[in-house]
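Have a look at the structure below, then the notes.
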Amino acid sequence: MSNPLLNNEIQDFINKNIGLSISKMALQKNSFPEVDWISILNQIEIKTKAKEKLPTWFSTKNIIYPSKISVEQTSSEKTASYKATIVSGERLIDLTGGFGVDDYYFSKKMNTVVHCEINPELSSIVKHNFEQLKIPNITCYSGDSIETLSESNTNWDWIYIDPSRRNDAKGKVFMLKDCFPNVPENLDLLFQYSDNILIKTAPLLDISAGLSELKNVKTIHVVAVENEVKELLWEIHKDYSGEIIIKTVNILKGKEETFEFVLDKNAEIPTYGLPCNYLYEPNSAIMKSGGFDEVGTFYNLNKLHKHSHLYTNSTLIPFPGRAFEIEKTIPYHKIEMKSHLENKQANITTRNFPDNVESIRKKWKIKDGGNQYCFFTTDVNNNKIVLICTKIK
């Protein structure tokens, strides 16, 4: 790839200025007048952002970064690595290749991966980067991916697709039909070329809305990193019509929290109870999944209230989320609040409570932070209560 940004001196300059203020650097004189200064600054800014999200790319020489939005929208290496555990076989085609992070990890599982990208400049950059990363089994095509699929005359083990919202869909409820490519409209066509389709969507998509547009869904993966939901993954298999499994994963440093259940299966009715010794708050992946009753019954916990989604018991157990020791439970009344929390410091969470965190802090002059955690919620008797806790994990 012939790109002036690959000049050794420019690459050294980019690497030496990682993390510096781009706004301040923009005022400096361009040391490389033969190359657009903004292009160099963009490489510094985007590579700085890639350090945590894309460490493999960051640590590899002569990587070219595309537009900021392409890197912002791409999967992180952590979520891409998880995706690769889902697929198997010989051949995979990615109809929305983007920056290629997912395909890099797919290539570790599949013999052949095809990266389709409608933007020719981005496709060229990705092809160059794969060469620097020494990945020989990914082929890059630029153009309409549906046409590429149709012309391939190949039966693929997997089709992967990450549809993006069209600009004219802003302000609307997030639906797959408002994305490009339109997966619901093309699903029958896709099944002509593969029995297995993996779709990535933003967590903004409601699970029930996705199910209303898709068919043959077998498994939905809710993927979070450090307790922030990053994406939903939809496994679709041709002619499948059985139970739908919801798999949740929260990827943490050194471990993963996982929990799964069958969607809409008649789960046991959860037990309810007043706060005991310990309080449990499910991680964000479970909260997104809607498996509120399932997680409580699986771990044999009492739920504080139907709509509170907090759980309690008398003996500490491993749990996919945060665990707290309850020091004190007080009613949400003026006397108790003045006595225990007014003018104090605490981390505040609200669950099924009429006031938000900001108004509670303002009303009772509670500073943020510290080692105390307070949950403002509603108990099984519909009383407004405050649980004063210390965090266990």
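Lettering and numbering for the structure tokens are positional, with chains as A, B, ... in the shown order, residues counted from 1 in each chain, and ligands counted from 1 in the shown order.
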Quiz prompt | Selection near range 363-365 of chain A, 12 Å with only C-alpha atoms, sequence-local residues under 6 positions removed, as an MDAnalysis selection string | solution = chainID A and resid 332:346 348 355:357
Practice problem: Check range 29-263 of chain A with DSSP on the backbone and list each residue it calls alpha helix (DSSP H), as a PyMOL selection string. | Solution: chain A and resi 37-53+55-58+68-73+77-84+101-106+120-132+145-152+183-190+207-213
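Distances here use only C-alpha atoms; by that measure, the residue among A:Asp162, A:Asp157, A:Asn371, A:Glu151 closest to Gly98 in chain A is A:Asp162.
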Self-check item: Proximity to Pro4 in chain A - best of A:Ile220, A:Val35, A:Leu387, A:Ile18, only C-alpha atoms
Solution: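 Ranking A:Ile220, A:Val35, A:Leu387, A:Ile18 by distance to Pro4 in chain A, first place goes to A:Val35.
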Quiz item: Of the candidates A:Val262, A:Ile44, A:Leu304, A:Val380, which one gets nearest to Glu281 in chain A if we count only C-alpha atoms?
Solution: A:Leu304
What residues in range 17-182 of chain A get the DSSP label strand (DSSP E)? Please answer as a compact mmCIF listing (two decimals) with N, CA and C atoms, in the first residue's frame.
# COMPACT_ATOMS: atom_id res chain seq x y z
N ARG A 91 -15.65 -21.93 6.17
CA ARG A 91 -15.77 -20.67 5.44
C ARG A 91 -16.77 -19.72 6.10
N LEU A 92 -16.37 -18.46 6.22
CA LEU A 92 -17.25 -17.40 6.75
C LEU A 92 -17.13 -16.18 5.85
N ILE A 93 -18.26 -15.54 5.57
CA ILE A 93 -18.25 -14.28 4.84
C ILE A 93 -18.88 -13.20 5.71
N ASP A 94 -18.17 -12.08 5.81
CA ASP A 94 -18.63 -10.92 6.59
C ASP A 94 -19.15 -9.89 5.59
N THR A 112 -11.18 -19.97 5.91
CA THR A 112 -11.33 -18.90 4.94
C THR A 112 -12.32 -17.87 5.46
N VAL A 113 -11.92 -16.61 5.42
CA VAL A 113 -12.81 -15.51 5.81
C VAL A 113 -12.79 -14.48 4.67
N VAL A 114 -13.98 -14.02 4.28
CA VAL A 114 -14.10 -12.98 3.27
C VAL A 114 -14.64 -11.72 3.91
N HIS A 115 -13.90 -10.62 3.74
CA HIS A 115 -14.24 -9.32 4.31
C HIS A 115 -14.82 -8.45 3.19
N CYS A 116 -16.12 -8.13 3.30
CA CYS A 116 -16.78 -7.27 2.31
C CYS A 116 -16.97 -5.88 2.90
N GLU A 117 -16.59 -4.87 2.15
CA GLU A 117 -16.73 -3.49 2.63
C GLU A 117 -17.08 -2.59 1.44
N ILE A 138 -7.65 -14.15 5.08
CA ILE A 138 -8.75 -13.21 4.90
C ILE A 138 -8.61 -12.54 3.54
N THR A 139 -9.67 -12.59 2.75
CA THR A 139 -9.70 -11.92 1.45
C THR A 139 -10.64 -10.73 1.52
N CYS A 140 -10.20 -9.59 1.02
CA CYS A 140 -11.00 -8.37 1.09
C CYS A 140 -11.60 -8.04 -0.27
N TYR A 141 -12.91 -7.75 -0.26
CA TYR A 141 -13.63 -7.32 -1.45
C TYR A 141 -14.31 -5.99 -1.16
N SER A 142 -14.24 -5.09 -2.13
CA SER A 142 -14.92 -3.80 -2.02
C SER A 142 -16.12 -3.78 -2.95
N TRP A 158 -20.87 -19.87 7.70
CA TRP A 158 -21.48 -18.77 8.44
C TRP A 158 -21.51 -17.51 7.59
N ILE A 159 -22.58 -16.75 7.73
CA ILE A 159 -22.64 -15.37 7.25
C ILE A 159 -22.69 -14.48 8.48
N TYR A 160 -21.81 -13.49 8.52
CA TYR A 160 -21.81 -12.53 9.62
C TYR A 160 -22.21 -11.17 9.07
N ILE A 161 -23.03 -10.46 9.84
CA ILE A 161 -23.51 -9.16 9.38
C ILE A 161 -23.73 -8.23 10.56
N SER A 164 -25.87 -1.31 9.99
CA SER A 164 -25.77 0.01 10.61
C SER A 164 -27.05 0.80 10.34
N ARG A 165 -27.41 1.66 11.29
CA ARG A 165 -28.62 2.46 11.14
C ARG A 165 -28.42 3.48 10.02
N CYS A 179 -32.05 -0.39 9.13
CA CYS A 179 -30.60 -0.51 9.04
C CYS A 179 -30.18 -0.92 7.62
N PHE A 180 -28.90 -0.74 7.37
CA PHE A 180 -28.34 -1.16 6.09
C PHE A 180 -27.20 -2.15 6.33
Quiz prompt | Contact residues around Asn30 in chain A with only C-alpha atoms at 12 Å, ignoring same-chain residues under 5 positions, as a VMD selection string | solution = chain A and resid 10 13 25 35 to 41
Quiz prompt | Long-range neighbours of Lys384 in chain A as a PyMOL selection string, 7 Å cut-off, only C-alpha atoms, 2 positions minimum in chain | solution = chain A and resi 331-332+377-379+382
Quiz prompt | Best match for closeness to Phe174 in chain A among A:Gly19, A:Pro270, A:Gly210, A:Gly143, counting only C-alpha atoms | solution = A:Gly210
Can you write out as CSV which residues of range 252-323 of chain A fall within 12 Å of range 72-81 of chain A, alongside each residue's closest atom pair and its distance in Å to one decimal, counting only C-alpha atoms and ordering rows by chain and ascending residue number?
residue,atom,partner,partner_atom,distance
A:Leu252,CA,A:Lys78,CA,9.5
A:Lys253,CA,A:Lys78,CA,10.2
A:Gly254,CA,A:Lys78,CA,11.5
A:Lys255,CA,A:Lys78,CA,11.6
A:Glu256,CA,A:Lys78,CA,10.9
Residues within 6 Å of range 284-295 of chain A, only C-alpha atoms, excluding chain neighbours under 6 positions, as a PDB file with all heavy atoms, in the first residue's frame:
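So result.pdb came out as:
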ATOM      1  N   VAL A 222     -26.088 -11.620  24.933  1.00  0.00           N
ATOM      2  CA  VAL A 222     -26.007 -10.244  25.436  1.00  0.00           C
ATOM      3  C   VAL A 222     -24.606 -10.066  25.996  1.00  0.00           C
ATOM      4  O   VAL A 222     -24.248 -10.683  27.007  1.00  0.00           O
ATOM      5  CB  VAL A 222     -27.066  -9.977  26.522  1.00  0.00           C
ATOM      6  CG1 VAL A 222     -27.032  -8.509  26.938  1.00  0.00           C
ATOM      7  CG2 VAL A 222     -28.461 -10.365  26.024  1.00  0.00           C
ATOM      8  N   ALA A 224     -21.499  -7.857  27.502  1.00  0.00           N
ATOM      9  CA  ALA A 224     -21.071  -6.654  28.221  1.00  0.00           C
ATOM     10  C   ALA A 224     -19.571  -6.733  28.480  1.00  0.00           C
ATOM     11  O   ALA A 224     -18.997  -7.824  28.599  1.00  0.00           O
ATOM     12  CB  ALA A 224     -21.824  -6.506  29.540  1.00  0.00           C
ATOM     13  N   ASN A 227     -19.161  -4.459  32.730  1.00  0.00           N
ATOM     14  CA  ASN A 227     -20.525  -4.133  33.149  1.00  0.00           C
ATOM     15  C   ASN A 227     -21.199  -3.066  32.277  1.00  0.00           C
ATOM     16  O   ASN A 227     -22.142  -2.414  32.705  1.00  0.00           O
ATOM     17  CB  ASN A 227     -20.574  -3.697  34.620  1.00  0.00           C
ATOM     18  CG  ASN A 227     -21.927  -4.025  35.248  1.00  0.00           C
ATOM     19  OD1 ASN A 227     -22.560  -5.019  34.913  1.00  0.00           O
ATOM     20  ND2 ASN A 227     -22.389  -3.177  36.149  1.00  0.00           N
ATOM     21  N   VAL A 229     -23.086  -2.995  28.583  1.00  0.00           N
ATOM     22  CA  VAL A 229     -23.535  -3.811  27.450  1.00  0.00           C
ATOM     23  C   VAL A 229     -23.040  -3.177  26.156  1.00  0.00           C
ATOM     24  O   VAL A 229     -23.299  -2.003  25.881  1.00  0.00           O
ATOM     25  CB  VAL A 229     -25.063  -3.960  27.437  1.00  0.00           C
ATOM     26  CG1 VAL A 229     -25.507  -4.790  26.222  1.00  0.00           C
ATOM     27  CG2 VAL A 229     -25.553  -4.622  28.712  1.00  0.00           C
ATOM     28  N   THR A 248     -26.012 -14.579  28.568  1.00  0.00           N
ATOM     29  CA  THR A 248     -25.425 -13.306  28.975  1.00  0.00           C
ATOM     30  C   THR A 248     -23.981 -13.519  29.388  1.00  0.00           C
ATOM     31  O   THR A 248     -23.646 -14.528  30.009  1.00  0.00           O
ATOM     32  CB  THR A 248     -26.199 -12.664  30.153  1.00  0.00           C
ATOM     33  OG1 THR A 248     -25.940 -13.392  31.359  1.00  0.00           O
ATOM     34  CG2 THR A 248     -27.700 -12.653  29.884  1.00  0.00           C
ATOM     35  N   PRO A 270     -40.641 -16.468  41.394  1.00  0.00           N
ATOM     36  CA  PRO A 270     -39.600 -16.111  42.372  1.00  0.00           C
ATOM     37  C   PRO A 270     -40.193 -15.930  43.765  1.00  0.00           C
ATOM     38  O   PRO A 270     -41.373 -15.583  43.923  1.00  0.00           O
ATOM     39  CB  PRO A 270     -39.049 -14.785  41.834  1.00  0.00           C
ATOM     40  CG  PRO A 270     -40.166 -14.212  41.029  1.00  0.00           C
ATOM     41  CD  PRO A 270     -40.873 -15.386  40.416  1.00  0.00           C
TER      42      PRO A 270
END
Exercise. Enter the distance from CA of Asn186 in chain A to CA of Asn137 in chain A, in Å, rounded to one decimal.
Key: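 Distance between the two atoms: 27.0 Å.
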Exercise. Go ahead and compute the interatomic distance for CA of Pro55 in chain A and CA of His221 in chain A, in Å to one decimal.
Key: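 According to the coordinates, CA of Pro55 in chain A and CA of His221 in chain A are separated by 24.0 Å.
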Quiz item: Please, what distance in Å, to one decimal, runs between CA of Glu213 in chain A and CA of Tyr104 in chain A?
Solution: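 Interatomic distance here is 29.3 Å.
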